[in-house]
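To be precise, the following lines are protein_13.cif, and they hold mmCIF, C-alpha atoms and all ligand atoms.
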```cif
data_final
loop_
_atom_site.label_atom_id
_atom_site.label_comp_id
_atom_site.auth_asym_id
_atom_site.auth_seq_id
_atom_site.Cartn_x
_atom_site.Cartn_y
_atom_site.Cartn_z
CA VAL A 30 -12.69 26.24 13.53
CA HIS A 31 -12.23 23.28 15.76
CA SER A 32 -11.04 22.49 19.23
CA ARG A 33 -7.57 21.35 18.10
CA ASP A 34 -4.48 23.36 18.91
CA PRO A 35 -1.70 22.03 16.64
CA SER A 36 0.92 24.17 18.45
CA LYS A 37 0.42 22.00 21.54
CA GLU A 38 0.25 18.67 19.69
CA SER A 39 3.10 16.15 19.51
CA GLU A 40 4.26 14.97 16.07
CA THR A 41 2.60 11.60 16.62
CA ALA A 42 -0.71 13.27 17.59
CA LYS A 43 -0.57 15.38 14.41
CA GLU A 44 0.00 12.18 12.44
CA CYS A 45 -3.02 10.58 14.15
CA PHE A 46 -5.22 13.49 13.07
CA ARG A 47 -3.86 13.15 9.53
CA PHE A 48 -5.00 9.50 9.58
CA LEU A 49 -8.36 10.50 11.00
CA ASN A 50 -8.90 12.88 8.09
CA LEU A 51 -7.70 10.25 5.60
CA THR A 52 -9.82 7.37 6.84
CA SER A 53 -13.13 8.76 7.96
CA ARG A 54 -15.71 10.01 5.53
CA SER A 55 -18.12 11.50 8.02
CA PHE A 56 -16.62 11.27 11.50
CA ALA A 57 -13.42 13.34 11.05
CA ALA A 58 -15.17 16.70 11.17
CA VAL A 59 -17.43 16.03 14.18
CA ILE A 60 -14.66 14.32 16.16
CA GLN A 61 -12.32 17.29 15.72
CA GLU A 62 -14.97 19.63 17.14
CA LEU A 63 -15.20 17.61 20.34
CA ASN A 64 -14.62 18.99 23.80
CA PRO A 65 -10.80 18.98 24.34
CA GLU A 66 -11.16 16.45 27.18
CA LEU A 67 -12.36 13.75 24.76
CA LEU A 68 -10.80 14.98 21.51
CA LEU A 69 -7.76 12.71 21.53
CA PRO A 70 -9.37 9.73 23.34
CA ILE A 71 -12.21 9.52 20.80
CA SER A 72 -9.86 10.15 17.84
CA LEU A 73 -7.66 7.24 18.97
CA PHE A 74 -10.74 5.11 19.72
CA TYR A 75 -11.82 5.74 16.13
CA LEU A 76 -8.39 4.87 14.68
CA VAL A 77 -8.07 1.64 16.66
CA LEU A 78 -11.49 0.47 15.46
CA ARG A 79 -10.77 1.65 11.92
CA GLY A 80 -7.59 -0.46 12.01
CA LEU A 81 -9.55 -3.47 13.24
CA ASP A 82 -12.22 -2.96 10.56
CA THR A 83 -9.55 -2.65 7.85
CA ILE A 84 -8.43 -6.18 8.77
CA GLU A 85 -12.03 -7.44 8.96
CA ASP A 86 -12.86 -6.04 5.51
CA ASP A 87 -9.68 -7.26 3.78
CA MET A 88 -10.74 -10.30 1.75
CA THR A 89 -7.13 -10.89 0.62
CA ILE A 90 -5.97 -11.89 4.12
CA PRO A 91 -6.32 -15.70 4.58
CA ILE A 92 -9.12 -16.51 7.06
CA ASP A 93 -6.92 -18.14 9.68
CA GLN A 94 -4.51 -15.20 9.73
CA LYS A 95 -7.41 -12.73 9.79
CA VAL A 96 -9.07 -14.46 12.75
CA GLN A 97 -5.81 -14.52 14.66
CA LEU A 98 -5.17 -10.81 13.92
CA LEU A 99 -8.69 -9.81 15.00
CA ARG A 100 -8.49 -11.77 18.24
CA SER A 101 -5.03 -10.44 19.15
CA PHE A 102 -5.49 -6.82 18.03
CA HIS A 103 -5.81 -5.61 21.64
CA LYS A 104 -2.39 -7.15 22.40
CA ASN A 105 -0.76 -5.76 19.26
CA MET A 106 -1.99 -2.27 20.12
CA GLU A 107 0.18 -2.43 23.27
CA ILE A 108 3.41 -3.39 21.49
CA ASP A 109 5.70 -0.39 20.91
CA GLY A 110 6.46 -0.07 17.20
CA TRP A 111 3.83 -2.60 16.03
CA GLN A 112 2.89 -2.22 12.36
CA PHE A 113 1.08 -4.38 9.80
CA HIS A 114 2.19 -4.40 6.18
CA GLU A 115 0.06 -7.11 4.59
CA SER A 116 -3.23 -5.33 3.95
CA ASN A 117 -4.50 -4.37 0.52
CA GLU A 118 -7.41 -2.27 1.78
CA LYS A 119 -7.94 1.41 1.10
CA ASP A 120 -6.88 2.39 4.64
CA LYS A 121 -3.80 0.16 4.79
CA GLU A 122 -1.49 3.14 5.47
CA LEU A 123 -3.00 3.41 8.97
CA LEU A 124 -1.91 -0.18 9.73
CA GLU A 125 1.50 0.38 8.14
CA LYS A 126 2.16 3.27 10.54
CA PHE A 127 0.09 2.05 13.47
CA ASP A 128 2.99 2.68 15.87
CA VAL A 129 2.02 6.38 16.04
CA VAL A 130 -1.45 5.42 17.32
CA ILE A 131 0.17 3.13 19.92
CA THR A 132 2.48 5.93 21.10
CA GLU A 133 -0.51 8.23 21.68
CA LEU A 134 -2.69 5.49 23.26
CA LYS A 135 -0.06 5.07 25.97
CA LYS A 136 -0.40 8.73 26.98
CA LEU A 137 -4.17 8.50 27.64
CA LYS A 138 -5.70 8.59 31.10
CA PRO A 139 -5.97 4.94 32.19
CA GLN A 140 -9.77 5.07 32.51
CA TYR A 141 -10.05 6.16 28.85
CA TYR A 142 -7.45 3.66 27.69
CA ASN A 143 -9.32 0.81 29.44
CA VAL A 144 -12.56 1.64 27.65
CA ILE A 145 -10.79 1.47 24.27
CA LYS A 146 -9.07 -1.78 25.17
CA ASP A 147 -12.30 -3.46 26.43
CA VAL A 148 -14.19 -2.58 23.26
CA THR A 149 -11.28 -3.73 21.06
CA ILE A 150 -11.19 -7.14 22.78
CA LYS A 151 -14.93 -7.67 22.41
CA MET A 152 -15.23 -6.29 18.86
CA GLY A 153 -12.19 -8.20 17.57
CA ASN A 154 -13.51 -11.49 18.95
CA GLY A 155 -17.03 -10.81 17.64
CA MET A 156 -15.72 -9.99 14.13
CA ALA A 157 -13.60 -13.14 14.25
CA ASP A 158 -16.60 -15.31 15.18
CA TYR A 159 -18.41 -14.15 12.04
CA ALA A 160 -15.31 -14.27 9.83
CA GLN A 161 -14.74 -17.94 10.68
CA ASN A 162 -18.38 -19.09 10.70
CA ASP A 163 -18.78 -21.49 7.73
CA GLU A 164 -22.54 -20.90 7.42
CA VAL A 165 -21.99 -17.13 7.29
CA ILE A 166 -19.15 -17.52 4.79
CA LYS A 167 -21.21 -19.77 2.47
CA ASN A 168 -24.77 -18.48 2.89
CA GLY A 169 -24.54 -15.20 4.79
CA VAL A 170 -26.22 -14.27 8.08
CA GLN A 171 -29.31 -16.42 8.76
CA SER A 172 -31.47 -15.13 11.62
CA ILE A 173 -32.43 -11.62 12.70
CA ASP A 174 -30.84 -12.45 16.08
CA ASP A 175 -27.50 -13.19 14.38
CA TYR A 176 -27.81 -9.97 12.34
CA GLU A 177 -28.36 -7.96 15.53
CA LEU A 178 -25.51 -9.71 17.32
CA TYR A 179 -23.17 -8.75 14.45
CA CYS A 180 -24.42 -5.15 14.66
CA HIS A 181 -23.80 -5.29 18.40
CA TYR A 182 -20.17 -6.32 17.87
CA VAL A 183 -19.33 -3.67 15.27
CA ALA A 184 -21.51 -0.76 16.46
CA GLY A 185 -23.35 -1.46 19.73
CA LEU A 186 -20.00 -1.91 21.45
CA VAL A 187 -18.77 1.42 20.01
CA GLY A 188 -21.81 3.03 21.59
CA GLU A 189 -21.09 1.32 24.91
CA GLY A 190 -17.50 2.63 24.85
CA LEU A 191 -18.55 6.14 23.87
CA THR A 192 -21.20 6.24 26.61
CA ARG A 193 -18.60 5.21 29.19
CA LEU A 194 -16.32 8.00 27.92
CA PHE A 195 -19.14 10.58 28.09
CA VAL A 196 -20.09 9.55 31.61
CA GLU A 197 -16.46 9.39 32.87
CA SER A 198 -15.79 12.88 31.49
CA GLU A 199 -19.16 14.23 32.74
CA LEU A 200 -20.20 15.23 29.23
CA GLY A 201 -23.08 12.75 29.49
CA ASN A 202 -25.79 12.14 32.08
CA PRO A 203 -24.64 9.28 34.39
CA LYS A 204 -28.14 7.79 34.03
CA LEU A 205 -27.15 6.80 30.46
CA ALA A 206 -24.88 4.13 31.94
CA GLU A 207 -27.97 2.49 33.49
CA ARG A 208 -29.84 2.36 30.16
CA PRO A 209 -27.71 0.08 27.93
CA SER A 210 -30.58 -0.51 25.51
CA LEU A 211 -30.62 3.20 24.57
CA THR A 212 -26.91 3.04 23.78
CA GLU A 213 -27.34 -0.19 21.84
CA SER A 214 -30.05 1.40 19.69
CA MET A 215 -27.70 4.25 18.75
CA GLY A 216 -25.22 1.74 17.34
CA GLN A 217 -27.81 -0.59 15.78
CA PHE A 218 -29.49 2.31 13.95
CA LEU A 219 -26.20 3.45 12.33
CA GLN A 220 -24.94 -0.03 11.50
CA LYS A 221 -28.22 -1.29 10.06
CA THR A 222 -28.37 1.79 7.82
CA ASN A 223 -24.80 1.05 6.65
CA ILE A 224 -25.64 -2.61 5.94
CA ILE A 225 -28.86 -1.78 4.05
CA ARG A 226 -26.96 0.74 1.93
CA ASP A 227 -23.93 -1.47 1.22
CA ILE A 228 -25.91 -4.50 -0.05
CA ARG A 229 -24.45 -4.40 -3.56
CA GLU A 230 -20.85 -3.52 -2.61
CA ASP A 231 -20.76 -6.12 0.19
CA TRP A 232 -22.16 -8.77 -2.15
CA GLU A 233 -19.55 -7.99 -4.82
CA GLU A 234 -16.87 -8.46 -2.14
CA GLY A 235 -18.40 -11.82 -1.22
CA ARG A 236 -20.42 -10.95 1.91
CA ARG A 237 -24.09 -10.85 2.85
CA TRP A 238 -25.32 -9.16 6.02
CA TYR A 239 -29.06 -9.02 5.21
CA PRO A 240 -30.44 -11.91 7.32
CA LYS A 241 -32.04 -14.78 5.40
CA GLU A 242 -34.96 -14.60 7.86
CA ILE A 243 -35.86 -11.25 6.20
CA TRP A 244 -34.84 -11.63 2.54
CA SER A 245 -36.40 -15.10 2.21
CA ARG A 246 -39.83 -13.53 2.84
CA HIS A 247 -39.44 -11.82 -0.53
CA VAL A 248 -37.24 -13.90 -2.88
CA ASP A 249 -36.28 -17.58 -3.14
CA LYS A 250 -32.59 -17.03 -3.92
CA TRP A 251 -30.28 -14.26 -2.69
CA GLU A 252 -29.15 -13.51 -6.28
CA ASP A 253 -32.75 -12.73 -7.26
CA LEU A 254 -32.50 -9.48 -5.28
CA PHE A 255 -30.22 -8.12 -8.01
CA ASP A 256 -32.24 -9.47 -10.96
CA PRO A 257 -34.29 -6.66 -12.58
CA LYS A 258 -37.03 -9.23 -13.17
CA HIS A 259 -37.54 -9.40 -9.39
CA GLN A 260 -37.11 -5.69 -8.68
CA ALA A 261 -40.52 -5.23 -7.04
CA LYS A 262 -39.74 -8.01 -4.57
CA ALA A 263 -36.26 -6.65 -3.92
CA LEU A 264 -37.75 -3.23 -3.07
CA ASN A 265 -40.13 -4.91 -0.62
CA CYS A 266 -37.14 -6.64 0.96
CA ILE A 267 -35.34 -3.31 1.41
CA SER A 268 -38.55 -1.89 2.93
CA ASP A 269 -38.60 -4.81 5.36
CA MET A 270 -34.99 -4.06 6.36
CA ILE A 271 -35.79 -0.35 6.78
CA LEU A 272 -38.87 -1.19 8.87
CA ASP A 273 -36.59 -3.24 11.14
CA ALA A 274 -34.05 -0.38 11.45
CA LEU A 275 -36.81 2.12 12.30
CA LYS A 276 -37.65 0.26 15.51
CA HIS A 277 -34.56 1.92 17.06
CA ALA A 278 -35.56 5.52 16.25
CA GLU A 279 -37.36 6.40 19.49
CA GLU A 280 -34.56 5.05 21.70
CA CYS A 281 -32.03 7.06 19.68
CA LEU A 282 -33.94 10.29 20.30
CA PHE A 283 -34.21 9.39 23.99
CA TYR A 284 -30.45 8.74 24.23
CA MET A 285 -29.61 12.13 22.74
CA ALA A 286 -31.57 13.83 25.51
CA GLY A 287 -28.78 12.62 27.86
CA MET A 288 -25.98 14.72 26.36
CA ARG A 289 -24.68 17.46 28.68
CA ASP A 290 -22.21 19.12 26.35
CA GLN A 291 -22.96 20.79 23.01
CA SER A 292 -19.95 19.23 21.25
CA ALA A 293 -20.90 15.74 22.47
CA PHE A 294 -24.50 16.34 21.42
CA ASN A 295 -23.41 17.33 17.90
CA PHE A 296 -21.08 14.35 17.69
CA VAL A 297 -23.86 11.85 18.45
CA ALA A 298 -26.71 13.66 16.65
CA ILE A 299 -25.15 14.33 13.22
CA PRO A 300 -24.61 10.64 12.32
CA GLN A 301 -28.17 9.84 13.48
CA GLY A 302 -29.61 12.64 11.32
CA MET A 303 -27.59 11.40 8.33
CA ALA A 304 -28.86 7.86 9.03
CA ILE A 305 -32.57 8.72 9.04
CA ALA A 306 -32.10 10.73 5.82
CA THR A 307 -30.20 7.82 4.24
CA LEU A 308 -33.02 5.41 5.17
CA GLU A 309 -35.52 7.73 3.49
CA CYS A 310 -33.28 8.02 0.42
CA MET A 311 -33.09 4.21 0.14
CA PHE A 312 -36.79 3.60 0.74
CA ARG A 313 -38.32 2.24 -2.52
CA ASN A 314 -35.19 3.32 -4.41
CA PRO A 315 -34.02 0.69 -6.96
CA ASP A 316 -30.55 2.32 -7.17
CA VAL A 317 -29.72 0.65 -3.82
CA LEU A 318 -29.50 -2.64 -5.77
CA LYS A 319 -26.90 -1.20 -8.14
CA ARG A 320 -24.67 1.12 -6.10
CA ASN A 321 -24.26 3.00 -2.81
CA VAL A 322 -26.85 5.73 -2.75
CA LYS A 323 -26.04 9.06 -1.11
CA ILE A 324 -28.15 11.88 0.24
CA THR A 325 -27.68 15.19 -1.57
CA LYS A 326 -25.08 17.74 -0.42
CA GLY A 327 -27.93 20.14 0.28
CA ASP A 328 -29.69 17.68 2.57
CA ALA A 329 -26.42 16.81 4.32
CA CYS A 330 -25.73 20.50 4.87
CA GLN A 331 -29.17 21.12 6.36
CA ILE A 332 -28.86 18.08 8.64
CA MET A 333 -25.50 19.38 9.91
CA MET A 334 -27.17 22.66 10.87
CA GLU A 335 -30.27 21.12 12.47
CA CYS A 336 -28.32 18.47 14.37
CA THR A 337 -25.95 21.00 15.96
CA GLN A 338 -28.71 22.88 17.80
CA ASN A 339 -30.87 20.91 20.21
CA LEU A 340 -33.08 17.85 20.59
CA PHE A 341 -36.09 19.72 19.23
CA THR A 342 -34.37 20.50 15.92
CA VAL A 343 -33.12 16.88 15.69
CA CYS A 344 -36.72 15.70 16.22
CA GLU A 345 -37.74 18.00 13.36
CA VAL A 346 -35.21 16.25 11.11
CA PHE A 347 -36.57 12.85 12.13
CA ARG A 348 -40.17 13.97 11.63
CA LYS A 349 -39.38 15.38 8.16
CA TYR A 350 -37.85 12.12 6.87
CA ILE A 351 -40.46 9.91 8.57
CA ARG A 352 -43.17 11.86 6.73
CA LYS A 353 -41.31 11.41 3.44
CA ILE A 354 -41.19 7.65 4.06
CA GLN A 355 -44.93 7.65 4.81
CA LYS A 356 -45.57 9.44 1.49
CA LYS A 357 -43.51 6.92 -0.52
CA ASN A 358 -45.04 3.89 1.21
CA ASP A 359 -46.65 1.62 -1.42
CA PRO A 360 -49.96 -0.19 -0.69
CA ARG A 361 -48.70 -3.17 -2.73
CA ASP A 362 -45.83 -3.67 -0.23
CA PRO A 363 -46.67 -6.54 2.16
CA ASN A 364 -45.32 -4.34 4.97
CA TYR A 365 -47.42 -1.33 3.95
CA LEU A 366 -49.45 -1.39 7.15
CA ASN A 367 -46.50 -2.19 9.44
CA ILE A 368 -44.48 0.69 7.96
CA SER A 369 -47.39 3.05 8.28
CA VAL A 370 -47.93 2.12 11.95
CA ARG A 371 -44.16 2.33 12.70
CA CYS A 372 -43.93 5.84 11.22
CA ALA A 373 -47.04 6.97 13.07
CA LYS A 374 -45.57 5.69 16.34
CA ILE A 375 -42.34 7.65 15.81
CA GLU A 376 -44.31 10.80 15.03
CA GLN A 377 -46.44 10.24 18.11
CA PHE A 378 -43.33 9.81 20.26
CA ILE A 379 -41.95 13.13 18.99
CA GLU A 380 -45.33 14.69 19.71
CA THR A 381 -45.14 13.54 23.35
CA LEU A 382 -41.64 15.02 23.70
CA TYR A 383 -42.66 18.36 22.19
CA PRO A 384 -46.45 18.71 22.27
CA ARG A 385 -47.82 21.31 19.88
CA GLN A 386 -50.58 23.46 21.33
C1 LIG B 1 -22.92 7.62 19.84
C2 LIG B 1 -23.83 6.10 21.68
C3 LIG B 1 -15.11 5.67 17.94
C4 LIG B 1 -16.38 7.59 16.87
C5 LIG B 1 -20.51 5.74 16.29
C6 LIG B 1 -14.40 2.72 12.90
C7 LIG B 1 -19.76 3.24 11.50
C8 LIG B 1 -16.51 0.54 10.59
O1 LIG B 1 -17.69 1.85 6.33
O2 LIG B 1 -19.59 -2.26 6.69
O3 LIG B 1 -19.10 0.16 5.11
O4 LIG B 1 -16.64 -0.26 5.46
O5 LIG B 1 -17.22 -2.54 7.54
C9 LIG B 1 -23.44 5.23 19.43
C10 LIG B 1 -16.30 5.48 15.74
C11 LIG B 1 -21.08 3.36 15.87
C12 LIG B 1 -16.23 1.38 13.95
C13 LIG B 1 -19.46 0.95 12.49
C14 LIG B 1 -22.98 5.28 18.07
C15 LIG B 1 -15.79 4.18 15.49
C16 LIG B 1 -20.27 3.32 14.65
C17 LIG B 1 -15.67 0.15 13.46
C18 LIG B 1 -21.92 4.29 17.92
C19 LIG B 1 -16.38 3.76 14.20
C20 LIG B 1 -20.97 2.50 13.67
C21 LIG B 1 -18.27 -1.85 10.21
C22 LIG B 1 -16.72 -0.71 12.79
O6 LIG B 1 -19.11 -1.74 9.04
O7 LIG B 1 -18.22 -0.28 7.38
C23 LIG B 1 -23.40 6.27 20.28
C24 LIG B 1 -15.93 6.19 16.81
C25 LIG B 1 -21.17 4.44 16.63
C26 LIG B 1 -15.67 2.55 13.69
C27 LIG B 1 -20.00 2.17 12.53
C28 LIG B 1 -18.62 0.47 11.44
C29 LIG B 1 -18.50 -0.89 11.24
C30 LIG B 1 -17.41 -0.07 11.59
P1 LIG B 1 -17.88 0.41 5.96
P2 LIG B 1 -18.50 -1.78 7.60
MN MN B 2 -15.56 -1.27 6.79
MN MN B 3 -16.27 -4.27 8.35
MN MN B 4 4.58 -1.73 3.74
MN MN B 5 -20.55 -1.39 5.20
MN MN B 6 -16.87 -2.24 2.79
#
```
I'd like the structure from this file rewritten - as structure tokens, please.
Ligand code: PS7
Ligand code: MN
Ligand code: MN
Ligand code: MN
Ligand code: MN
Ligand code: MN
Amino acid sequence: VHSRDPSKESETAKECFRFLNLTSRSFAAVIQELNPELLLPISLFYLVLRGLDTIEDDMTIPIDQKVQLLRSFHKNMEIDGWQFHESNEKDKELLEKFDVVITELKKLKPQYYNVIKDVTIKMGNGMADYAQNDEVIKNGVQSIDDYELYCHYVAGLVGEGLTRLFVESELGNPKLAERPSLTESMGQFLQKTNIIRDIREDWEEGRRWYPKEIWSRHVDKWEDLFDPKHQAKALNCISDMILDALKHAEECLFYMAGMRDQSAFNFVAIPQGMAIATLECMFRNPDVLKRNVKITKGDACQIMMECTQNLFTVCEVFRKYIRKIQKKNDPRDPNYLNISVRCAKIEQFIETLYPRQ
């Protein structure tokens, strides 16, 4: 049961929802449950950014053409009939029939359309900066600041756009618009989890998003992370990355307190619940160095239930996985103490939100 009513949808809208279900692993379900006011705007927002990311990820497109496509995507998405037929990525069909997305974008309320366009301009240019940076191409991201700026472009900006949509539609507390760092944390937490998880796959495709400032504390050469001989050090590096991601947890919980609509709450909370569980699943798990690890279906199912109730039940999910991280923490890890303190702080924060007698 979702909020869609296919009898009232145009053919192009139906096609957009088909693409949504084809291209998104986790977002399709929660998006289609959204309050009808934001159902189509957020679906189209997703498809535009998915189109942009399909170009970013496509390593068969020559760099100069890729950079030009990323920087002009916001103009292309205004051209009636625009399509792109030169991608070899998994989601290339979306770009080959992008004209249906354009048709629907033009029917949006201007305030919603402007949010999508603003984010597309900024994200496309940010992706292009990294795609054409010779240092990044040759040696990967260097500093933690550069890592966070990349996460800002591909996820923080999504959060900014979504927050504007929630506030415009009155599904979110207008105070959220005055707290950009809460919004940024929502995006950083999801994107950092994705980057930590994708280390192997990204590397095989020729990219490195772990910043050298972090991995060089553990190994001399990037390749050593994948050498079984250096496994202990590689696990400490992953711990270091997870420790960094966990600094966003409190602000994420705080942001979610600003949702004024159950469907919007579910939409923002489910991915955060999946992210904390994924961090726990990766913590001290050598499989991360070989393939994308996944939380179990059972855990995913429970998170879906807990994250569609209220902030208290979401805090319970966070507390559960934080405690599991604490239990797995290894005294031989150079960040043992930092991780322990970080987890205690998150638990304490939850305790102040919901004191137990
Ligand atoms: C809720 C304040 C518009 C719903 C949701 C398509 C997932 C794909 O998958 O490594 O490994 O190939 O290439 C903040 C979603 C951030 C973004 C970023 C939360 C649009 C999404 C395009 C903000 C999602 C974080 C690239 C860029 O990584 O991925 C609130 C809606 C959210 C899309 C994600 C993904 C980036 C991404 P993969 P990549
Ligand atoms: Mn991608
Ligand atoms: Mn990408
Ligand atoms: Mn074609
Ligand atoms: Mn990824
Ligand atoms: Mn990828």
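Using only C-alpha atoms and all ligand atoms for every distance, the candidate list A:Ile60, A:Leu69, A:Ile243, A:Leu137 yields A:Ile60 as the residue closest to ligand LIG 1 (chain B).
The two atoms in question, CA of Ser198 in chain A and CA of Asn143 in chain A, are spaced 13.8 Å apart.
For the atom pair formed by atom C15 of ligand LIG 1 (chain B) and CA of Lys104 in chain A, the distance is 18.9 Å, given to one decimal.
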Selected residue, from A:Val248, A:Val370, A:Met215, A:Ile145, that lies nearest to Asn265 in chain A when counting all atoms listed in the file
A:Val248
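Closest approach to ligand MN 2 (chain B) from the set A:Ala373, A:Cys45, A:Cys281, A:Leu81 is made by A:Leu81, with distances taken over all atoms listed in the file.
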Name the residues in contact with range 290-306 of chain A at a cut-off of 9 Å, using all atoms listed in the file, excluding same-chain residues fewer than 6 positions from it; report them as number ranges by chain.
A: 55-56, 59-60, 62-64, 195, 199-201, 215, 218-219, 222-223, 275, 278, 281-282, 324, 328-329, 332-340, 343, 346-347, 349-351
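Using all atoms listed in the file, the smallest distance between any of A:Tyr176, A:Tyr284, A:Trp232, A:Phe102 and ligand LIG 1 (chain B) comes from A:Tyr284.
With all atoms listed in the file taken into account, every residue lying no more than 12 Å from the file point (-23.7, -4.5, 0.2) is included here: Gly169, Lys221, Thr222, Asn223, Ile224, Ile225, Arg226, Asp227, Ile228, Arg229, Glu230, Asp231, Trp232, Glu233, Glu234, Gly235, Arg236, Arg237, Trp238, Tyr239, Leu254, Phe255, Ile267, Val317, Leu318, Lys319, Arg320, Asn321 and Val322 of chain A.
The smallest atom-to-atom distance between Glu107 in chain A and any of A:Gln377, A:Asn154, A:Thr132, A:Ser245, using only C-alpha atoms, is found for A:Thr132.
From CA of Leu191 in chain A back to CA of Ile108 in chain A, the distance works out to 24.1 Å.
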Of the candidates A:Leu178, A:Leu124, A:Leu78, A:Val148, which shows the shortest atom-to-atom distance to ligand MN 4 (chain B), using all atoms listed in the file?
A:Leu124
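Those residues that approach Glu40 in chain A to within 12 Å, counting only C-alpha atoms, are A:Pro35, A:Ser36, A:Glu44, A:Cys45, A:Phe46, A:Arg47, A:Val129, A:Val130, A:Thr132, A:Glu133; same-chain residues fewer than 4 positions away are not listed.
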Exercise answer, 6 Å around ligand LIG 1 (chain B) with all atoms listed in the file, as a ChimeraX atom specification:
/A:71,74-75,78-79,82,86,183-184,187-188,191-192,212,215-216,219-220,223,297
Skipping near chain neighbours, those fewer than 6 positions away, what residues fall within 9 Å of Pro203 in chain A using only C-alpha atoms, listed as a tab-separated table (two decimals) with C-alpha atoms, keeping the file's coordinate frame?
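Output (selection-v6.tsv):
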```tsv
chain	number	residue	atom	x	y	z
A	193	ARG	CA	-18.60	5.21	29.19
A	195	PHE	CA	-19.14	10.58	28.09
A	196	VAL	CA	-20.09	9.55	31.61
A	197	GLU	CA	-16.46	9.39	32.87
A	287	GLY	CA	-28.78	12.62	27.86
```
For Met156 in chain A, find every residue with an atom within 8 Å (counting all atoms listed in the file), except residues of its own chain fewer than 6 positions away, and show them as a compact mmCIF listing (two decimals) with C-alpha atoms, keeping the file's coordinate frame.
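Okay, part-v2.txt is ready:
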```txt
# COMPACT_ATOMS: atom_id res chain seq x y z
CA GLU A 85 -12.03 -7.44 8.96
CA LEU A 99 -8.69 -9.81 15.00
CA TYR A 179 -23.17 -8.75 14.45
CA TYR A 182 -20.17 -6.32 17.87
CA VAL A 183 -19.33 -3.67 15.27
```
List all protein, DNA and RNA residues that have at least one atom no more than 12 Å from any atom of ligand MN 4 (chain B), counting all atoms listed in the file, and write them as a PyMOL selection string.
chain A and resi 112-117+121-127
Do a neighbour search on Gly155 in chain A at 10 Å with all atoms listed in the file, toss out local chain neighbours closer than 2 positions, and write the hits as a PyMOL selection string.
chain A and resi 99-100+149-153+157-160+178-183
Could you work out an axis-aligned box for range 310-321 of chain A, taking every atom the file lists and adding 3 Å on each side, and report centre and edge lengths in Å to one decimal, as AutoDock Vina command-line options?
```
--center_x -31.3 --center_y 2.7 --center_z -3.7 --size_x 20.1 --size_y 16.7 --size_z 14.9
```
Since the input is missing atoms for range 170-182 of chain A, could you rebuild it with N, CA and C atoms and give the result as a PDB file, keeping the file's coordinate frame?
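Output file selection.pdb is given in full below:
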```
ATOM      1  N   VAL A 170     -25.584 -14.244   6.764  1.00  0.00           N
ATOM      2  CA  VAL A 170     -26.220 -14.270   8.080  1.00  0.00           C
ATOM      3  C   VAL A 170     -27.629 -14.853   7.955  1.00  0.00           C
ATOM      4  N   GLN A 171     -28.029 -15.726   8.857  1.00  0.00           N
ATOM      5  CA  GLN A 171     -29.310 -16.420   8.760  1.00  0.00           C
ATOM      6  C   GLN A 171     -30.448 -15.716   9.513  1.00  0.00           C
ATOM      7  N   SER A 172     -30.330 -15.635  10.837  1.00  0.00           N
ATOM      8  CA  SER A 172     -31.470 -15.130  11.620  1.00  0.00           C
ATOM      9  C   SER A 172     -31.331 -13.640  11.927  1.00  0.00           C
ATOM     10  N   ILE A 173     -32.454 -13.027  12.289  1.00  0.00           N
ATOM     11  CA  ILE A 173     -32.430 -11.620  12.700  1.00  0.00           C
ATOM     12  C   ILE A 173     -31.591 -11.486  13.984  1.00  0.00           C
ATOM     13  N   ASP A 174     -31.669 -12.480  14.860  1.00  0.00           N
ATOM     14  CA  ASP A 174     -30.840 -12.450  16.080  1.00  0.00           C
ATOM     15  C   ASP A 174     -29.350 -12.396  15.746  1.00  0.00           C
ATOM     16  N   ASP A 175     -28.921 -13.197  14.760  1.00  0.00           N
ATOM     17  CA  ASP A 175     -27.500 -13.190  14.380  1.00  0.00           C
ATOM     18  C   ASP A 175     -27.103 -11.863  13.736  1.00  0.00           C
ATOM     19  N   TYR A 176     -28.014 -11.290  12.972  1.00  0.00           N
ATOM     20  CA  TYR A 176     -27.810  -9.970  12.340  1.00  0.00           C
ATOM     21  C   TYR A 176     -27.615  -8.911  13.438  1.00  0.00           C
ATOM     22  N   GLU A 177     -28.464  -8.959  14.457  1.00  0.00           N
ATOM     23  CA  GLU A 177     -28.360  -7.960  15.530  1.00  0.00           C
ATOM     24  C   GLU A 177     -27.130  -8.181  16.391  1.00  0.00           C
ATOM     25  N   LEU A 178     -26.729  -9.443  16.543  1.00  0.00           N
ATOM     26  CA  LEU A 178     -25.510  -9.710  17.320  1.00  0.00           C
ATOM     27  C   LEU A 178     -24.291  -9.153  16.568  1.00  0.00           C
ATOM     28  N   TYR A 179     -24.275  -9.325  15.234  1.00  0.00           N
ATOM     29  CA  TYR A 179     -23.170  -8.750  14.450  1.00  0.00           C
ATOM     30  C   TYR A 179     -23.161  -7.215  14.607  1.00  0.00           C
ATOM     31  N   CYS A 180     -24.335  -6.609  14.497  1.00  0.00           N
ATOM     32  CA  CYS A 180     -24.420  -5.150  14.660  1.00  0.00           C
ATOM     33  C   CYS A 180     -23.992  -4.724  16.065  1.00  0.00           C
ATOM     34  N   HIS A 181     -24.267  -5.576  17.040  1.00  0.00           N
ATOM     35  CA  HIS A 181     -23.800  -5.290  18.400  1.00  0.00           C
ATOM     36  C   HIS A 181     -22.267  -5.255  18.432  1.00  0.00           C
ATOM     37  N   TYR A 182     -21.633  -6.259  17.838  1.00  0.00           N
ATOM     38  CA  TYR A 182     -20.170  -6.320  17.870  1.00  0.00           C
ATOM     39  C   TYR A 182     -19.526  -5.117  17.189  1.00  0.00           C
TER      40      TYR A 182
END
```
